[in-house]
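Colleague: Next comes final30.cif, mmCIF, C-alpha atoms and all ligand atoms:
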data_run
#
loop_
_atom_site.label_atom_id
_atom_site.label_comp_id
_atom_site.auth_asym_id
_atom_site.auth_seq_id
_atom_site.Cartn_x
_atom_site.Cartn_y
_atom_site.Cartn_z
CA MET A 25 0.00 0.00 0.00
CA HIS A 26 1.24 3.52 -0.80
CA ALA A 27 1.98 5.76 2.19
CA THR A 28 -0.17 8.90 2.01
CA LEU A 29 1.20 10.72 5.09
CA PRO A 30 4.18 12.22 3.21
CA LEU A 31 1.73 13.58 0.61
CA ILE A 32 -0.37 15.56 3.10
CA GLN A 33 2.22 16.72 5.64
CA SER A 34 3.03 20.04 4.04
CA THR A 35 -0.20 21.99 4.58
CA ASP A 36 -1.77 25.42 4.59
CA PHE A 37 -4.96 24.15 6.30
CA PRO A 38 -6.06 26.84 8.79
CA PRO A 39 -5.17 26.26 12.47
CA ILE A 40 -8.16 25.19 14.60
CA ARG A 41 -8.70 24.62 18.32
CA ARG A 42 -10.90 22.43 20.47
CA ARG A 43 -14.18 23.41 22.05
CA ARG A 44 -16.03 21.63 24.86
CA LEU A 45 -15.79 17.87 24.52
CA GLU A 46 -19.14 16.25 23.70
CA THR A 47 -18.38 12.88 22.12
CA LEU A 48 -15.97 10.08 22.91
CA GLN A 49 -15.32 7.99 19.82
CA VAL A 50 -13.79 4.62 20.56
CA ASN A 51 -12.25 2.29 18.00
CA LEU A 52 -12.49 -1.26 19.34
CA GLY A 53 -10.05 -2.68 16.76
CA TYR A 54 -9.52 -3.46 13.12
CA ARG A 55 -11.08 -6.90 12.82
CA CYS A 56 -13.98 -6.89 10.41
CA ASN A 57 -16.00 -9.47 8.49
CA GLN A 58 -15.62 -7.27 5.38
CA SER A 59 -12.67 -5.58 3.63
CA CYS A 60 -14.14 -2.66 1.69
CA LEU A 61 -12.19 -0.72 -0.90
CA HIS A 62 -12.74 2.71 0.66
CA CYS A 63 -12.06 1.57 4.27
CA HIS A 64 -9.94 4.24 5.93
CA VAL A 65 -8.85 1.89 8.73
CA ASN A 66 -7.79 -1.01 6.49
CA ALA A 67 -9.99 -3.33 8.47
CA GLY A 68 -10.50 -6.96 7.48
CA PRO A 69 -10.98 -10.52 8.70
CA ASN A 70 -7.24 -11.06 9.25
CA ARG A 71 -6.62 -8.06 11.50
CA THR A 72 -6.07 -9.09 15.12
CA GLU A 73 -5.76 -5.74 16.93
CA GLN A 74 -8.57 -5.30 19.45
CA MET A 75 -9.22 -3.30 22.63
CA ASP A 76 -8.69 -5.34 25.81
CA ALA A 77 -10.76 -5.37 29.00
CA ALA A 78 -8.44 -2.98 30.90
CA THR A 79 -8.68 -0.34 28.17
CA ALA A 80 -12.47 -0.76 28.01
CA ASP A 81 -12.45 -0.14 31.80
CA THR A 82 -10.56 3.11 31.19
CA VAL A 83 -13.25 4.18 28.71
CA LEU A 84 -15.90 3.57 31.38
CA ASP A 85 -13.80 5.39 34.03
CA PHE A 86 -13.51 8.35 31.69
CA LEU A 87 -17.28 8.45 31.10
CA ARG A 88 -17.98 8.22 34.84
CA ALA A 89 -15.62 11.14 35.55
CA SER A 90 -16.69 13.41 32.68
CA GLU A 91 -19.79 15.16 31.42
CA VAL A 92 -19.45 13.53 28.01
CA ARG A 93 -22.75 11.82 27.25
CA ARG A 94 -22.16 10.46 23.75
CA LEU A 95 -20.16 7.32 23.05
CA ASP A 96 -19.52 6.58 19.38
CA ILE A 97 -18.26 3.01 18.94
CA THR A 98 -16.44 2.07 15.77
CA GLY A 99 -13.97 -0.44 14.33
CA GLY A 100 -13.51 -2.68 12.21
CA ALA A 101 -16.73 -4.33 13.10
CA PRO A 102 -16.85 -3.28 16.78
CA GLU A 103 -19.42 -5.95 17.62
CA LEU A 104 -16.73 -8.63 17.09
CA ASN A 105 -14.78 -7.35 20.10
CA PRO A 106 -15.63 -9.36 23.27
CA GLN A 107 -15.73 -6.04 25.22
CA PHE A 108 -18.43 -4.55 22.97
CA ARG A 109 -21.56 -5.62 24.82
CA ARG A 110 -20.17 -4.81 28.29
CA LEU A 111 -19.06 -1.37 27.12
CA VAL A 112 -22.47 -0.67 25.60
CA ALA A 113 -24.48 -1.97 28.56
CA GLU A 114 -22.45 -0.14 31.23
CA SER A 115 -22.34 3.12 29.24
CA VAL A 116 -26.12 3.05 28.83
CA GLU A 117 -26.43 2.48 32.61
CA LEU A 118 -24.41 5.69 33.06
CA GLY A 119 -26.97 7.59 30.98
CA VAL A 120 -24.69 7.79 27.93
CA HIS A 121 -26.17 7.81 24.42
CA VAL A 122 -24.38 5.03 22.53
CA MET A 123 -23.87 4.90 18.76
CA ASP A 124 -22.82 1.71 17.03
CA ARG A 125 -21.13 2.13 13.63
CA CYS A 126 -22.47 -1.09 12.22
CA ASN A 127 -21.72 -2.60 8.82
CA LEU A 128 -25.12 -4.43 8.79
CA THR A 129 -23.70 -7.73 7.46
CA ILE A 130 -22.36 -8.39 10.97
CA LEU A 131 -25.95 -9.20 12.01
CA GLU A 132 -25.63 -12.43 10.01
CA GLU A 133 -22.27 -13.51 11.45
CA PRO A 134 -22.19 -16.56 13.74
CA GLY A 135 -22.57 -15.52 17.37
CA GLN A 136 -24.37 -12.27 16.47
CA GLU A 137 -27.86 -13.75 16.09
CA ASP A 138 -29.23 -11.65 19.00
CA LEU A 139 -27.24 -8.48 18.25
CA ALA A 140 -30.19 -6.50 16.85
CA GLU A 141 -32.31 -7.26 19.94
CA PHE A 142 -29.37 -6.38 22.24
CA LEU A 143 -28.98 -2.98 20.58
CA ALA A 144 -32.71 -2.24 20.53
CA ALA A 145 -33.15 -3.09 24.21
CA ARG A 146 -30.52 -0.44 25.08
CA ARG A 147 -31.74 2.20 22.63
CA VAL A 148 -28.38 2.14 20.84
CA GLU A 149 -28.34 4.37 17.75
CA VAL A 150 -27.32 2.31 14.73
CA ILE A 151 -25.20 4.10 12.13
CA ALA A 152 -24.98 1.79 9.17
CA SER A 153 -22.95 2.02 5.98
CA LEU A 154 -24.97 1.72 2.80
CA PRO A 155 -22.93 3.60 0.19
CA CYS A 156 -25.66 3.40 -2.44
CA TYR A 157 -29.25 2.23 -2.84
CA LEU A 158 -28.24 0.27 -5.95
CA GLU A 159 -27.07 -3.31 -5.49
CA ASP A 160 -24.26 -3.26 -8.06
CA ASN A 161 -22.60 -0.16 -6.60
CA VAL A 162 -22.68 -1.50 -3.04
CA ASP A 163 -21.33 -4.91 -4.04
CA ARG A 164 -18.53 -3.33 -6.09
CA GLN A 165 -17.37 -1.26 -3.11
CA ARG A 166 -18.08 -3.62 -0.22
CA GLY A 167 -18.05 -7.13 -1.72
CA LYS A 168 -20.39 -9.49 -3.57
CA GLY A 169 -23.67 -10.20 -1.78
CA VAL A 170 -23.22 -7.33 0.72
CA PHE A 171 -26.22 -5.37 -0.56
CA GLU A 172 -28.63 -8.28 -0.18
CA LYS A 173 -27.38 -9.04 3.34
CA SER A 174 -27.61 -5.34 4.23
CA ILE A 175 -31.25 -5.17 3.11
CA ARG A 176 -32.06 -8.24 5.22
CA ALA A 177 -30.39 -6.58 8.23
CA LEU A 178 -32.26 -3.31 7.68
CA ARG A 179 -35.58 -5.17 7.52
CA ARG A 180 -34.73 -6.88 10.79
CA LEU A 181 -33.89 -3.57 12.45
CA ASN A 182 -37.10 -2.03 11.07
CA ALA A 183 -39.08 -4.95 12.51
CA LEU A 184 -37.71 -4.04 15.96
CA GLY A 185 -38.83 -0.43 15.50
CA TYR A 186 -35.55 1.02 14.19
CA GLY A 187 -35.92 3.89 11.74
CA ARG A 188 -39.71 4.08 12.04
CA GLU A 189 -41.43 7.43 12.35
CA GLY A 190 -41.92 8.41 16.00
CA SER A 191 -39.61 5.60 17.21
CA GLU A 192 -36.79 6.33 19.67
CA LEU A 193 -34.67 3.77 17.84
CA GLU A 194 -32.54 5.74 15.41
CA LEU A 195 -31.21 4.12 12.27
CA CYS A 196 -28.89 6.33 10.20
CA LEU A 197 -27.52 5.28 6.84
CA VAL A 198 -24.10 6.40 5.66
CA TYR A 199 -23.32 7.27 2.05
CA ASN A 200 -19.87 7.88 0.63
CA PRO A 201 -18.96 8.40 -3.04
CA GLN A 202 -17.71 5.44 -5.07
CA GLY A 203 -14.68 7.32 -6.40
CA PRO A 204 -12.74 10.60 -6.19
CA SER A 205 -15.70 12.99 -6.15
CA LEU A 206 -17.51 14.99 -3.48
CA PRO A 207 -20.78 13.64 -2.05
CA PRO A 208 -23.97 15.09 -3.57
CA ALA A 209 -26.29 17.31 -1.49
CA GLN A 210 -27.27 15.31 1.58
CA ARG A 211 -30.95 16.25 1.70
CA ALA A 212 -31.66 15.53 -1.97
CA LEU A 213 -29.85 12.21 -1.79
CA GLU A 214 -31.78 11.30 1.38
CA THR A 215 -35.03 11.80 -0.56
CA ASP A 216 -33.79 9.46 -3.30
CA TYR A 217 -32.69 6.85 -0.74
CA ARG A 218 -36.05 7.02 1.06
CA ARG A 219 -38.05 6.60 -2.11
CA HIS A 220 -35.96 3.81 -3.55
CA LEU A 221 -35.49 1.77 -0.36
CA SER A 222 -39.11 2.09 0.67
CA GLU A 223 -40.64 1.34 -2.75
CA ARG A 224 -38.34 -1.49 -3.68
CA TYR A 225 -37.51 -3.10 -0.34
CA GLY A 226 -39.96 -1.70 2.23
CA VAL A 227 -37.01 -0.33 4.24
CA VAL A 228 -37.23 2.87 6.32
CA PHE A 229 -34.54 4.85 8.16
CA THR A 230 -34.13 7.94 10.31
CA ARG A 231 -31.51 10.02 8.46
CA LEU A 232 -28.94 9.76 5.69
CA LEU A 233 -25.41 10.97 6.44
CA THR A 234 -23.15 11.80 3.48
CA LEU A 235 -19.41 11.46 4.09
CA ALA A 236 -16.50 12.46 1.87
CA ASN A 237 -13.78 9.89 1.21
CA MET A 238 -10.51 10.84 2.89
CA PRO A 239 -7.32 10.73 0.79
CA ILE A 240 -5.62 8.36 3.25
CA GLN A 241 -5.10 4.64 3.84
CA ARG A 242 -6.70 2.21 1.38
CA PHE A 243 -8.68 4.85 -0.55
CA GLY A 244 -5.71 7.26 -0.66
CA SER A 245 -3.41 4.47 -1.80
CA THR A 246 -5.80 3.50 -4.60
CA LEU A 247 -5.79 7.13 -5.76
CA VAL A 248 -1.99 7.07 -5.87
CA THR A 249 -2.00 3.82 -7.87
CA LYS A 250 -4.44 5.28 -10.39
CA GLY A 251 -2.56 8.60 -10.61
CA GLN A 252 -5.60 10.45 -9.21
CA PHE A 253 -4.25 11.57 -5.81
CA ASN A 254 -3.22 15.09 -6.80
CA ASP A 255 -6.46 15.70 -8.73
CA TYR A 256 -8.54 14.61 -5.73
CA MET A 257 -6.56 16.88 -3.40
CA ARG A 258 -7.05 19.76 -5.85
CA LEU A 259 -10.80 19.04 -5.81
CA LEU A 260 -10.94 19.07 -1.98
CA ARG A 261 -8.82 22.21 -1.62
CA GLY A 262 -10.74 24.03 -4.34
CA ALA A 263 -14.06 23.27 -2.60
CA HIS A 264 -12.84 24.29 0.89
CA ARG A 265 -15.27 26.56 2.74
CA ASP A 266 -14.09 28.51 5.78
CA GLU A 267 -17.57 28.35 7.34
CA ASN A 268 -17.18 24.57 7.70
CA LEU A 269 -14.24 25.05 10.07
CA ASP A 270 -16.66 25.79 12.88
CA GLY A 271 -18.36 22.41 12.69
CA VAL A 272 -15.52 19.95 12.02
CA MET A 273 -15.95 17.02 14.38
CA CYS A 274 -12.47 17.25 15.96
CA ARG A 275 -13.56 20.40 17.82
CA SER A 276 -15.93 18.46 20.07
CA LEU A 277 -14.80 14.82 19.79
CA VAL A 278 -11.85 12.75 20.98
CA SER A 279 -10.96 9.55 19.17
CA VAL A 280 -9.50 6.64 21.15
CA ASP A 281 -7.66 3.76 19.52
CA TRP A 282 -7.79 0.10 20.54
CA GLN A 283 -4.78 0.65 22.83
CA GLY A 284 -6.31 3.65 24.60
CA GLN A 285 -4.21 6.34 22.85
CA VAL A 286 -6.06 9.55 21.98
CA TYR A 287 -6.33 11.54 18.73
CA ASP A 288 -8.23 14.57 17.48
CA CYS A 289 -10.28 12.37 15.13
CA ASP A 290 -10.51 8.91 13.62
CA PHE A 291 -8.59 9.99 10.51
CA ASN A 292 -5.67 11.30 12.57
CA GLN A 293 -5.77 8.03 14.45
CA MET A 294 -5.27 6.13 11.20
CA LEU A 295 -2.43 8.44 10.24
CA GLY A 296 -0.78 8.05 13.67
CA LEU A 297 -1.09 11.80 14.39
CA PRO A 298 -1.63 11.94 18.15
CA LEU A 299 -3.58 14.55 20.09
CA ARG A 300 -1.08 16.80 21.84
CA VAL A 301 -1.71 17.79 25.44
CA ASN A 302 0.53 20.68 26.56
CA GLY A 303 2.61 20.03 23.46
CA THR A 304 3.21 16.39 24.46
CA PRO A 305 2.11 13.69 22.00
CA ARG A 306 1.00 10.14 22.77
CA ALA A 307 -1.46 10.88 25.57
CA GLY A 308 -3.63 8.00 26.71
CA LEU A 309 -7.32 8.29 27.60
CA ALA A 310 -6.44 7.84 31.29
CA ASP A 311 -4.35 11.06 31.06
CA LEU A 312 -7.46 12.98 29.96
CA ILE A 313 -9.58 12.08 33.01
CA GLY A 314 -10.35 15.34 34.82
CA ARG A 315 -8.56 17.42 32.15
CA ASP A 316 -10.22 20.21 30.15
CA LEU A 317 -9.15 20.15 26.49
CA GLU A 318 -10.96 23.36 25.48
CA GLY A 319 -8.60 25.60 23.51
CA ASN A 320 -6.18 22.75 22.73
CA PRO A 321 -4.72 23.04 19.19
CA ILE A 322 -5.81 20.32 16.74
CA ALA A 323 -3.28 18.41 14.60
CA VAL A 324 -4.20 19.33 11.01
CA MET A 325 -2.72 18.34 7.64
CA ASP A 326 -3.94 18.45 4.04
CA HIS A 327 -6.40 15.55 4.52
CA CYS A 328 -8.47 17.97 6.67
CA TYR A 329 -9.74 19.55 3.44
CA GLY A 330 -11.84 16.37 3.17
CA CYS A 331 -13.85 17.69 6.14
CA THR A 332 -14.29 21.26 4.89
CA ALA A 333 -14.90 20.74 1.16
CA GLY A 334 -18.34 21.60 -0.21
CA GLN A 335 -21.13 20.88 2.28
CA GLY A 336 -18.48 19.63 4.75
CA SER A 337 -18.15 16.14 6.17
CA GLY A 338 -17.89 14.51 9.57
CA CYS A 339 -19.12 11.52 11.56
CA GLY A 340 -22.55 13.16 11.67
CA GLY A 341 -22.71 13.67 7.88
CA ALA A 342 -22.74 16.99 6.01
CA LEU A 343 -21.74 19.92 8.25
CA ALA A 344 -23.96 22.37 6.40
CA ALA A 345 -27.07 20.23 7.02
S1 LIG B 1 -17.28 -2.69 6.98
FE1 LIG B 1 -16.42 -0.75 7.64
S2 LIG B 1 -14.68 -1.28 8.97
FE2 LIG B 1 -15.25 -3.12 7.80
S3 LIG B 1 -13.88 -3.07 6.02
FE3 LIG B 1 -15.81 -2.08 5.43
S4 LIG B 1 -15.48 0.10 5.79
FE4 LIG B 1 -13.88 -1.02 6.90
S1 LIG B 2 -9.44 15.32 9.42
FE1 LIG B 2 -11.24 16.56 9.87
S2 LIG B 2 -11.86 15.96 11.91
FE2 LIG B 2 -9.75 15.26 11.61
S3 LIG B 2 -8.43 16.88 12.40
FE3 LIG B 2 -8.73 17.28 10.23
S4 LIG B 2 -10.50 18.66 10.14
FE4 LIG B 2 -10.50 17.72 12.15
#
Take the structure I supplied and represent it as structure tokens, if you would.
Modeller:
Amino acid sequence: MHATLPLIQSTDFPPIRRRRLETLQVNLGYRCNQSCLHCHVNAGPNRTEQMDAATADTVLDFLRASEVRRLDITGGAPELNPQFRRLVAESVELGVHVMDRCNLTILEEPGQEDLAEFLAARRVEVIASLPCYLEDNVDRQRGKGVFEKSIRALRRLNALGYGREGSELELCLVYNPQGPSLPPAQRALETDYRRHLSERYGVVFTRLLTLANMPIQRFGSTLVTKGQFNDYMRLLRGAHRDENLDGVMCRSLVSVDWQGQVYDCDFNQMLGLPLRVNGTPRAGLADLIGRDLEGNPIAVMDHCYGCTAGQGSGCGGALAA
């Protein structure tokens, strides 16, 4: 795989600082039942890195000691980590809103037969990747048969009340472009998704989130191989909007890796760019307990234009929405 860090290090991205921390995003490891082309964490079935029980305890200690009331759990397929259910259940007990970044096909993996019921019983918000409402496009990006399995999973979640009007069970779908282009307008695409998924498959959902592809890891490397990296960076930089700087997710989120190290966001985690506390890199989550990060400078490089281009992009979808 081509290294993309040297290509983004020299940057004129504007300096930004942290605001009040609202969300703890925890990556439970890189094991996944899929290995998608655009995956920015290079997850796959052969990855073995996963958060251990002691680090999961630190996550819970942090939540107990802080006012952060949103836990965003990601991976890999986070549900494959043996700590996943304990972390979810104990966080919910603490009054924390939990989000599970779920790839949908995991619901059909052995040992996960009761996963949907587990999530529903704890009012966990499901954020599910479905990069298109057309079968061919999804299967090309995420693997053969993934679309069909995803539709089955969505129907199961709908049957439990997920995504239904008036239901507390939120089901968000995540779109990202197939190639080196910016996502279309989130609201218009959501209307298309709703119509197509409901008419053809009887599937409903709460919201659509559009995310831009970041020029790093597997996607970035593919761009380098195809000679498209510089063009994609030009596209992102050319579409940069200063007003998006206010809403980039790193201002109110901390990302924790499977070993408990902290970063300004998931993308910086994948690049190995640590969050700096008092100028010192490589802080662990335990070091942040009782510490106020407001005003802390954020580690930015050229990939950050992926968050500020066009309608903007973050874990919660378009920033302008
Ligand atoms: S399902 Fe998600 S974590 Fe797994 S390989 Fe695909 S993009 Fe990566
Ligand atoms: S990639 Fe986006 S979220 Fe991460 S530090 Fe840059 S602007 Fe912030």
Colleague: Neighbouring residues of ligand LIG 1 (chain B) are defined here as those with any atom at most 8 Å from a ligand atom, counting all atoms listed in the file; list them as a short mmCIF file (atom, residue, chain, number, x, y, z; two decimals) with C-alpha atoms, in the frame of the given file.
Modeller:
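Resulting contents of selection_26.cif:
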data_model
loop_
_atom_site.label_atom_id
_atom_site.label_comp_id
_atom_site.auth_asym_id
_atom_site.auth_seq_id
_atom_site.Cartn_x
_atom_site.Cartn_y
_atom_site.Cartn_z
CA TYR A 54 -9.52 -3.46 13.12
CA ARG A 55 -11.08 -6.90 12.82
CA CYS A 56 -13.98 -6.89 10.41
CA ASN A 57 -16.00 -9.47 8.49
CA GLN A 58 -15.62 -7.27 5.38
CA SER A 59 -12.67 -5.58 3.63
CA CYS A 60 -14.14 -2.66 1.69
CA LEU A 61 -12.19 -0.72 -0.90
CA HIS A 62 -12.74 2.71 0.66
CA CYS A 63 -12.06 1.57 4.27
CA HIS A 64 -9.94 4.24 5.93
CA VAL A 65 -8.85 1.89 8.73
CA ASN A 66 -7.79 -1.01 6.49
CA ALA A 67 -9.99 -3.33 8.47
CA GLY A 68 -10.50 -6.96 7.48
CA THR A 98 -16.44 2.07 15.77
CA GLY A 99 -13.97 -0.44 14.33
CA GLY A 100 -13.51 -2.68 12.21
CA ALA A 101 -16.73 -4.33 13.10
CA CYS A 126 -22.47 -1.09 12.22
CA ASN A 127 -21.72 -2.60 8.82
CA SER A 153 -22.95 2.02 5.98
CA ARG A 166 -18.08 -3.62 -0.22
#
Colleague: Within 9 Å of ligand LIG 2 (chain B) (counting only C-alpha atoms and all ligand atoms), which residues show up? I'd like them as a ChimeraX atom specification.
Modeller: /A:37,40,238,269,272-275,277,287-293,322-332,337-339
Colleague: Between atom CA of A:Glu114 and atom CA of A:Asp76, what is the distance in Å, rounded to a tenth?
Modeller: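 So the answer is 15.7 Å.
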Colleague: Using only C-alpha atoms, which residue out of A:Arg179, A:Arg125, A:Arg147, A:Arg211 lies closest to A:Val198?
Modeller: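 Comparing A:Arg179, A:Arg125, A:Arg147, A:Arg211 against A:Val198, the winner is A:Arg125.
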Colleague: For A:Glu267, which residue out of A:Pro38, A:Glu214, A:Leu139, A:Ala78 is the nearest one, using all atoms listed in the file?
Modeller: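 Using all atoms listed in the file, A:Glu267 sits closest to A:Pro38.
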Colleague: Nearest residue to A:Gly336 out of A:Asn237, A:Thr35, A:Ser174, A:Asn182, using all atoms listed in the file?
Modeller: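 Between A:Asn237, A:Thr35, A:Ser174, A:Asn182, the residue approaching A:Gly336 most closely is A:Asn237.
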Colleague: Please, what distance in Å, to one decimal, runs between atom CA of A:Glu172 and atom CA of A:Tyr157?
Modeller: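 It comes out at 10.9 Å.
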Colleague: Would you pick out the contacts of A:Leu131 at 8 Å or less, using all atoms listed in the file, so that residues sharing its chain but fewer than 5 positions from it are not included, and give the list as a ChimeraX atom specification?
Modeller: /A:136-137,139-140,177
Colleague: Quick one: distance from atom CA of A:Asp255 to atom CA of A:Pro204 in Å, one decimal?
Modeller: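 Separating atom CA of A:Asp255 from atom CA of A:Pro204 is a distance of 8.5 Å.
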Colleague: Pick the closest to A:Gly203 from A:Gln241, A:Ser191, A:Thr47, A:Thr246: which is it, counting all atoms listed in the file?
Modeller: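 That would be A:Thr246, the residue with the smallest distance to A:Gly203.
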Colleague: What's around A:Phe142 at 12 Å? Count only C-alpha atoms, leave out sequence neighbours fewer than 3 positions away in its own chain, and write the answer as JSON, numbers by chain.
Modeller: {"A": [103, 108, 109, 110, 112, 113, 116, 124, 131, 136, 137, 138, 139, 145, 146, 147, 148, 149, 150, 181, 184]}
Colleague: May I ask which of the residues A:Glu194, A:Glu133, A:Glu117, A:Asp270 is the closest one to A:Ala152, counting all atoms listed in the file?
Modeller: A:Glu194
Colleague: Measuring between only C-alpha atoms, which one of A:Met75, A:Ala80, A:Leu197, A:Met123 shows the shortest distance to A:Asn105?
Modeller: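 Answer, going by the shortest atom-to-atom distance: A:Met75.
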